[in-house]
>>> print(open('work_13.txt').read())   # compact mmCIF, C-alpha atoms and all ligand atoms
# COMPACT_ATOMS: atom_id res chain seq x y z
CA MET E 1 39.51 -84.97 -19.08
CA GLY E 2 38.48 -83.04 -22.20
CA ASP E 3 37.54 -79.39 -22.23
CA ASP E 4 33.83 -79.87 -22.74
CA THR E 5 31.35 -77.09 -22.36
CA VAL E 6 29.75 -76.88 -18.94
CA TYR E 7 27.11 -74.61 -17.45
CA LEU E 8 27.86 -72.42 -14.44
CA ASN E 9 25.62 -69.70 -13.03
CA GLY E 10 23.97 -68.63 -16.27
CA SER E 11 26.86 -69.15 -18.70
CA PHE E 12 28.13 -71.91 -20.92
CA LEU E 13 31.93 -72.09 -20.83
CA PRO E 14 34.81 -74.55 -21.20
CA LEU E 15 35.27 -76.85 -18.19
CA SER E 16 38.83 -75.51 -17.71
CA GLU E 17 37.43 -72.01 -17.17
CA ALA E 18 34.64 -72.95 -14.78
CA ARG E 19 35.52 -71.68 -11.28
CA VAL E 20 33.71 -71.78 -7.94
CA SER E 21 34.82 -69.89 -4.83
CA VAL E 22 36.49 -71.84 -2.03
CA LEU E 23 33.82 -70.25 0.19
CA ASP E 24 31.08 -71.97 -1.79
CA ARG E 25 28.91 -73.80 0.73
CA GLY E 26 29.13 -76.91 -1.43
CA PHE E 27 32.87 -76.95 -0.79
CA ILE E 28 32.71 -75.76 2.83
CA PHE E 29 29.67 -77.69 4.11
CA GLY E 30 28.51 -80.11 1.40
CA ASP E 31 25.45 -77.83 1.46
CA GLY E 32 23.84 -78.73 -1.83
CA VAL E 33 21.96 -81.32 -3.88
CA TYR E 34 22.48 -82.95 -7.27
CA GLU E 35 20.97 -85.11 -10.00
CA VAL E 36 22.39 -87.48 -12.61
CA ILE E 37 20.20 -87.86 -15.68
CA PRO E 38 20.98 -90.35 -18.45
CA CYS E 39 20.32 -89.41 -22.08
CA TYR E 40 19.92 -91.94 -24.88
CA GLY E 41 20.20 -90.81 -28.50
CA ARG E 42 20.42 -87.28 -27.01
CA ARG E 43 17.04 -87.63 -25.29
CA PRO E 44 16.88 -87.23 -21.51
CA PHE E 45 15.57 -90.27 -19.69
CA ARG E 46 12.65 -89.57 -17.33
CA LEU E 47 13.49 -85.88 -17.16
CA THR E 48 10.21 -84.97 -15.43
CA GLU E 49 10.91 -87.50 -12.69
CA HIS E 50 14.51 -86.29 -12.23
CA LEU E 51 13.41 -82.65 -12.02
CA ALA E 52 10.66 -83.60 -9.56
CA ARG E 53 13.24 -85.37 -7.36
CA LEU E 54 15.52 -82.34 -7.63
CA GLN E 55 12.64 -80.18 -6.38
CA ARG E 56 12.06 -82.55 -3.45
CA SER E 57 15.79 -82.52 -2.60
CA LEU E 58 15.84 -78.71 -2.75
CA ASP E 59 12.71 -78.55 -0.58
CA GLY E 60 14.42 -80.98 1.82
CA ILE E 61 17.33 -78.60 2.36
CA ARG E 62 15.14 -75.49 2.16
CA LEU E 63 16.78 -74.06 -0.92
CA ALA E 64 14.63 -72.30 -3.54
CA ASN E 65 14.82 -73.85 -6.98
CA PRO E 66 16.87 -71.38 -9.04
CA LEU E 67 15.16 -72.43 -12.30
CA ASP E 68 11.73 -73.60 -13.36
CA SER E 69 11.27 -76.86 -15.30
CA THR E 70 11.30 -75.09 -18.66
CA ALA E 71 14.58 -73.33 -17.87
CA TRP E 72 16.15 -76.58 -16.58
CA GLU E 73 15.07 -78.39 -19.72
CA LYS E 74 16.42 -75.62 -21.98
CA LEU E 75 19.82 -75.58 -20.29
CA LEU E 76 20.12 -79.37 -20.21
CA LEU E 77 19.14 -79.67 -23.88
CA GLU E 78 21.76 -77.09 -24.74
CA LEU E 79 24.42 -79.10 -22.87
CA ILE E 80 23.35 -82.26 -24.72
CA GLU E 81 23.57 -80.34 -28.00
CA ARG E 82 27.12 -79.20 -27.23
CA SER E 83 28.38 -82.73 -26.56
CA ASP E 84 29.41 -85.20 -29.27
CA ALA E 85 28.22 -88.28 -27.39
CA ARG E 86 24.93 -89.89 -28.39
CA ASP E 87 24.45 -91.32 -24.92
CA GLN E 88 25.25 -88.99 -22.06
CA ALA E 89 25.02 -88.66 -18.29
CA LEU E 90 23.95 -85.14 -17.33
CA TYR E 91 25.15 -84.02 -13.93
CA LEU E 92 23.65 -81.01 -12.21
CA GLN E 93 24.37 -79.53 -8.81
CA VAL E 94 22.86 -76.67 -6.83
CA THR E 95 24.55 -75.35 -3.68
CA ARG E 96 23.55 -72.63 -1.23
CA GLY E 97 26.10 -70.30 -2.83
CA THR E 98 29.14 -68.41 -1.62
CA ALA E 99 29.08 -66.68 1.76
CA SER E 100 31.23 -66.22 4.87
CA ARG E 101 31.47 -69.47 6.87
CA GLU E 102 28.51 -69.61 9.25
CA HIS E 103 26.40 -72.74 9.66
CA GLY E 104 23.10 -70.81 9.42
CA PHE E 105 21.76 -70.00 5.97
CA PRO E 106 23.22 -66.84 4.41
CA ALA E 107 20.81 -64.03 3.56
CA ASP E 108 20.43 -62.81 -0.04
CA THR E 109 22.97 -65.22 -1.46
CA PRO E 110 22.33 -66.61 -4.94
CA PRO E 111 22.78 -70.39 -5.21
CA THR E 112 25.57 -71.88 -7.31
CA VAL E 113 24.17 -73.77 -10.30
CA PHE E 114 26.47 -76.14 -12.16
CA ALA E 115 25.75 -78.69 -14.89
CA MET E 116 27.86 -80.83 -17.21
CA SER E 117 27.50 -83.77 -19.52
CA ASN E 118 29.70 -86.86 -19.67
CA PRO E 119 29.57 -89.72 -22.18
CA LEU E 120 27.53 -92.63 -20.87
CA HIS E 121 28.59 -96.20 -21.50
CA PRO E 122 26.38 -99.16 -20.55
CA PRO E 123 27.92 -101.93 -18.39
CA PRO E 124 30.19 -104.13 -20.56
CA PRO E 125 28.66 -107.46 -21.68
CA GLN E 126 31.18 -109.43 -19.60
CA LEU E 127 29.74 -107.92 -16.40
CA LEU E 128 26.25 -108.85 -17.49
CA GLU E 129 27.28 -112.39 -18.35
CA GLN E 130 29.18 -113.03 -15.11
CA GLY E 131 27.32 -110.74 -12.78
CA VAL E 132 29.19 -108.80 -10.10
CA ALA E 133 30.39 -109.45 -6.55
CA ALA E 134 29.03 -107.47 -3.59
CA ILE E 135 29.82 -107.38 0.13
CA THR E 136 27.65 -106.37 3.09
CA LEU E 137 28.66 -103.50 5.37
CA ASP E 138 27.16 -101.76 8.35
CA ASP E 139 25.21 -98.75 7.06
CA ILE E 140 27.21 -96.02 8.77
CA ARG E 141 25.47 -93.14 6.95
CA TRP E 142 26.03 -91.04 9.08
CA ARG E 143 27.24 -92.47 12.39
CA TYR E 144 30.80 -91.22 12.19
CA CYS E 145 30.27 -87.93 14.01
CA HIS E 146 33.74 -88.24 15.57
CA ILE E 147 35.25 -87.42 12.17
CA LYS E 148 35.51 -83.68 11.61
CA ALA E 149 34.19 -84.07 8.08
CA ILE E 150 33.11 -81.20 5.84
CA SER E 151 29.83 -82.93 4.90
CA LEU E 152 27.95 -80.77 7.40
CA LEU E 153 24.58 -80.48 5.70
CA PRO E 154 22.72 -82.10 8.65
CA ASN E 155 24.48 -79.75 11.08
CA VAL E 156 23.67 -76.77 8.87
CA LEU E 157 19.97 -77.70 8.72
CA LEU E 158 19.80 -78.30 12.48
CA ARG E 159 21.57 -75.03 13.33
CA GLN E 160 19.22 -73.13 11.01
CA GLN E 161 16.21 -74.75 12.68
CA ALA E 162 17.52 -73.50 16.02
CA LEU E 163 18.09 -70.01 14.62
CA ASP E 164 14.58 -69.99 13.17
CA ALA E 165 13.26 -70.85 16.64
CA GLY E 166 15.13 -67.88 18.13
CA ALA E 167 17.78 -70.14 19.71
CA GLN E 168 21.55 -70.03 19.20
CA GLU E 169 22.13 -73.76 19.06
CA ALA E 170 20.39 -77.10 18.67
CA ILE E 171 21.22 -79.75 21.28
CA LEU E 172 20.93 -83.05 19.49
CA LEU E 173 19.15 -86.15 20.82
CA ARG E 174 19.82 -89.60 19.43
CA GLU E 175 17.56 -92.37 20.70
CA GLY E 176 16.87 -90.41 23.87
CA ILE E 177 20.54 -89.56 24.51
CA ALA E 178 21.85 -85.99 24.22
CA THR E 179 25.04 -86.08 22.18
CA GLU E 180 26.28 -82.59 21.31
CA GLY E 181 25.26 -79.33 19.66
CA ALA E 182 25.03 -78.77 15.90
CA ALA E 183 28.55 -77.26 16.12
CA SER E 184 29.50 -77.55 19.79
CA ASN E 185 29.95 -80.04 22.64
CA LEU E 186 27.58 -80.40 25.56
CA PHE E 187 28.10 -80.14 29.32
CA LEU E 188 25.68 -80.05 32.22
CA VAL E 189 25.90 -79.50 35.95
CA ASP E 190 23.71 -81.85 37.96
CA GLU E 191 22.06 -81.63 41.40
CA GLU E 192 25.31 -82.69 43.09
CA SER E 193 27.21 -79.92 41.27
CA SER E 194 29.03 -82.53 39.20
CA VAL E 195 30.02 -81.46 35.71
CA VAL E 196 28.90 -84.07 33.16
CA THR E 197 29.74 -84.41 29.47
CA PRO E 198 29.04 -87.36 27.16
CA PRO E 199 31.92 -89.80 26.65
CA LYS E 200 33.79 -89.57 23.38
CA ASP E 201 32.48 -92.03 20.82
CA ASN E 202 31.23 -92.03 17.25
CA ARG E 203 28.15 -90.01 18.22
CA LEU E 204 30.01 -86.75 18.76
CA LEU E 205 33.00 -84.73 17.69
CA PRO E 206 35.81 -84.97 20.25
CA GLY E 207 36.07 -81.24 20.84
CA ILE E 208 39.44 -79.74 21.69
CA THR E 209 37.61 -77.18 23.84
CA ARG E 210 35.66 -80.00 25.51
CA ASP E 211 38.86 -81.74 26.59
CA LEU E 212 40.28 -78.50 27.98
CA VAL E 213 37.06 -77.80 29.88
CA VAL E 214 37.21 -81.29 31.43
CA GLU E 215 40.82 -80.60 32.42
CA LEU E 216 40.07 -77.15 33.84
CA ALA E 217 37.05 -78.40 35.80
CA ARG E 218 39.10 -81.22 37.37
CA ASP E 219 42.03 -78.87 38.13
CA ALA E 220 39.54 -76.60 39.89
CA GLY E 221 38.59 -79.52 42.14
CA LEU E 222 35.20 -80.10 40.55
CA THR E 223 33.87 -83.59 39.89
CA CYS E 224 33.79 -84.00 36.12
CA LEU E 225 32.14 -87.14 34.79
CA GLU E 226 32.10 -88.49 31.26
CA GLN E 227 28.69 -90.13 31.18
CA GLU E 228 25.72 -90.53 28.86
CA ILE E 229 23.20 -87.73 29.23
CA THR E 230 19.61 -88.88 28.86
CA GLU E 231 17.01 -86.38 27.73
CA ALA E 232 15.47 -86.43 31.24
CA ARG E 233 18.86 -85.71 32.82
CA LEU E 234 19.37 -82.82 30.41
CA ARG E 235 15.98 -81.33 31.23
CA HIS E 236 16.70 -81.52 34.97
CA ALA E 237 20.18 -80.03 34.71
CA ARG E 238 21.04 -77.07 36.93
CA GLU E 239 23.32 -75.69 34.26
CA ILE E 240 23.92 -76.51 30.61
CA TRP E 241 26.97 -75.33 28.66
CA LEU E 242 28.09 -75.55 25.06
CA THR E 243 31.75 -75.52 24.09
CA SER E 244 33.57 -74.87 20.84
CA SER E 245 36.69 -73.20 19.49
CA THR E 246 34.73 -70.15 18.37
CA ARG E 247 32.14 -69.90 21.15
CA GLU E 248 34.37 -70.89 24.09
CA ILE E 249 31.98 -71.94 26.89
CA LEU E 250 28.44 -70.69 26.40
CA PRO E 251 25.91 -70.99 29.21
CA VAL E 252 22.47 -72.16 28.02
CA THR E 253 19.77 -70.50 30.10
CA ARG E 254 16.68 -71.62 28.19
CA LEU E 255 16.00 -75.08 26.76
CA ASP E 256 12.92 -75.55 24.56
CA GLY E 257 11.50 -72.40 26.12
CA ALA E 258 11.96 -73.49 29.77
CA ALA E 259 14.48 -71.95 32.16
CA VAL E 260 17.62 -73.98 32.85
CA GLY E 261 18.18 -73.80 36.63
CA ASP E 262 17.25 -70.30 37.69
CA GLY E 263 17.43 -69.08 34.09
CA LYS E 264 20.78 -67.32 34.57
CA PRO E 265 24.36 -68.40 33.80
CA GLY E 266 25.30 -70.62 36.74
CA ALA E 267 27.98 -70.40 39.42
CA VAL E 268 29.88 -73.47 38.18
CA TRP E 269 29.95 -72.06 34.66
CA ARG E 270 31.27 -68.75 36.03
CA GLN E 271 34.11 -70.59 37.79
CA VAL E 272 35.14 -72.72 34.79
CA TYR E 273 34.73 -69.77 32.41
CA ARG E 274 37.14 -67.76 34.56
CA HIS E 275 39.73 -70.54 34.33
CA TYR E 276 39.21 -70.69 30.58
CA GLN E 277 39.87 -66.96 30.28
CA GLN E 278 43.00 -67.35 32.42
CA TYR E 279 44.19 -70.14 30.12
CA LYS E 280 43.69 -67.86 27.12
CA GLN E 281 45.50 -65.05 28.91
CA GLN E 282 48.50 -67.31 29.57
CA LEU E 283 48.62 -68.21 25.88
CA ARG E 284 48.50 -64.54 24.90
CA ALA E 285 51.29 -63.74 27.35
CA GLY E 286 53.41 -66.57 25.92
N1 LIG U 301 32.81 -76.73 15.23
N2 LIG U 301 30.87 -80.68 17.72
C1 LIG U 301 30.69 -80.25 16.45
C2 LIG U 301 29.70 -80.95 15.57
C3 LIG U 301 31.44 -79.16 15.98
O1 LIG U 301 31.29 -78.75 14.71
C4 LIG U 301 32.36 -78.51 16.85
C5 LIG U 301 33.19 -77.34 16.43
C6 LIG U 301 32.51 -79.00 18.17
C7 LIG U 301 33.52 -78.43 19.14
O2 LIG U 301 34.84 -78.79 18.79
P1 LIG U 301 36.09 -77.84 19.16
O3 LIG U 301 36.01 -77.55 20.59
O4 LIG U 301 37.27 -78.61 18.76
O5 LIG U 301 35.91 -76.55 18.34
C8 LIG U 301 31.75 -80.09 18.56
C9 LIG U 301 33.55 -75.58 14.68
C10 LIG U 301 33.90 -74.52 15.68
C11 LIG U 301 32.79 -75.07 13.46
O6 LIG U 301 32.34 -75.94 12.72
O7 LIG U 301 32.71 -73.85 13.24
>>> encode(input="work_13.txt", output="structure tokens", more="lines below")
Ligand code: PDD
Amino acid sequence: MGDDTVYLNGSFLPLSEARVSVLDRGFIFGDGVYEVIPCYGRRPFRLTEHLARLQRSLDGIRLANPLDSTAWEKLLLELIERSDARDQALYLQVTRGTASREHGFPADTPPTVFAMSNPLHPPPPQLLEQGVAAITLDDIRWRYCHIKAISLLPNVLLRQQALDAGAQEAILLREGIATEGAASNLFLVDEESSVVTPPKDNRLLPGITRDLVVELARDAGLTCLEQEITEARLRHAREIWLTSSTREILPVTRLDGAAVGDGKPGAVWRQVYRHYQQYKQQLRAG
């Protein structure tokens, strides 16, 4: 890796000196977008189209474009100028900037803008003569929600949509089945006072808090079922709870504007919440 000049937040500097905070939302959440633009004989290829796609990507994640087309062009041409290669691949990335770790968008935070240029080599003739091998795979983008991965852009966008609607969390539906929250697991209490949470599979993160809540509910003599929750079942629930390491067990009292049960935290929640607090207390006491 040479020490080429790169662009970061308004400055051109050697790659070895370019630094981004570990709290950058690109690093923490994968909360950003990028482009790769080839250049031939130092001329960008379809620059207008690449910048238009960048704008659509930024619009898609609700991030204001930090530069207009003229400014993008100026900075990219300067990067091309500073590289020795005739053919280059320009890489640019915009993230939602550096802020304390909350899923919702940070207020008044400038985006991080990074760009670099790498030499571009066409595929070697041998590959073109022989062609290449490919395999087919199930398109799992993104059906691996059981992995606690840092690529949380969908979760970030969903949480922000909830916040914009005056709600604290989004409960996610996949093909009519409620899976989990944007950053929490889901429980409900049904007509028979059974506690229900979706079974652990690739559609949700196996929450540590979730497992403890299942344990505590069963220890308290409650029926706790691990079953699929259809949207209709969710809407008819007497109680709905959300669990996570940071939010413990949160009672949901309004869903899409309608009261859940009698619109107040329920009796079953109160009971399990008490056990949860006792569990915490025991930990504190050693
Ligand atoms: N998130 N589901 C998702 C998608 C989550 O991000 C989380 C937690 C949970 C609950 O898991 P646990 O009980 O182990 O915290 C479920 C953390 C708190 C976060 O991203 O801030």
>>> residues_around(input="work_13.txt", residues="Phe114 (chain E)", least_positions_apart="6", cutoff="12 Å", atoms="only C-alpha atoms", output="number ranges by chain")
E: 5-13, 15, 18-20, 26, 32-35, 66-67, 72, 75-76, 79, 90-97
>>> residues_near_ligand(input="work_13.txt", ligand="ligand LIG 301 (chain U)", cutoff="10 Å", atoms="all atoms listed in the file", output="ChimeraX atom specification")
/E:28-29,101-103,145-150,152,154-156,172,179-186,203-213,242-249
>>> atom_distance(input="work_13.txt", atom1="CA of Pro265 (chain E)", atom2="CA of Glu239 (chain E)")
7.4 Å
>>> atom_distance(input="work_13.txt", atom1="CA of Ile37 (chain E)", atom2="CA of Gln88 (chain E)")
8.2 Å
>>> atom_distance(input="work_13.txt", atom1="CA of Ile80 (chain E)", atom2="CA of Pro44 (chain E)")
8.8 Å
>>> closest_residue(input="work_13.txt", among="E:Ser57, E:Thr109, E:Thr98, E:Gln161", to="Phe27 (chain E)", atoms="all atoms listed in the file")
E:Thr98
>>> closest_residue(input="work_13.txt", among="E:Leu234, E:Ala258, E:Met116, E:Gly104", to="Leu173 (chain E)", atoms="only C-alpha atoms")
E:Leu234
>>> closest_residue(input="work_13.txt", among="E:Gln281, E:Phe45, E:Arg233, E:Pro106", to="Leu77 (chain E)", atoms="only C-alpha atoms")
E:Phe45
>>> residues_around(input="work_13.txt", residues="Val189 (chain E)", least_positions_apart="6", cutoff="10 Å", atoms="only C-alpha atoms", output="list in words")
Val195, Val196, Thr197, Thr223, Cys224, Leu225, Arg233, Leu234, His236, Ala237, Arg238, Glu239, Ile240, Trp241, Gly261, Gly266, Ala267, Val268 and Trp269 of chain E
>>> axis_aligned_box(input="work_13.txt", around="region 181-187 of chain E", padding_each_side="3 Å", output="AutoDock Vina command-line options")
--center_x 27.5 --center_y -78.8 --center_z 22.6 --size_x 10.9 --size_y 9.1 --size_z 19.4
>>> closest_residue(input="work_13.txt", among="E:Ala232, E:Leu283, E:Leu188, E:Ala217", to="Thr253 (chain E)", atoms="only C-alpha atoms")
E:Leu188
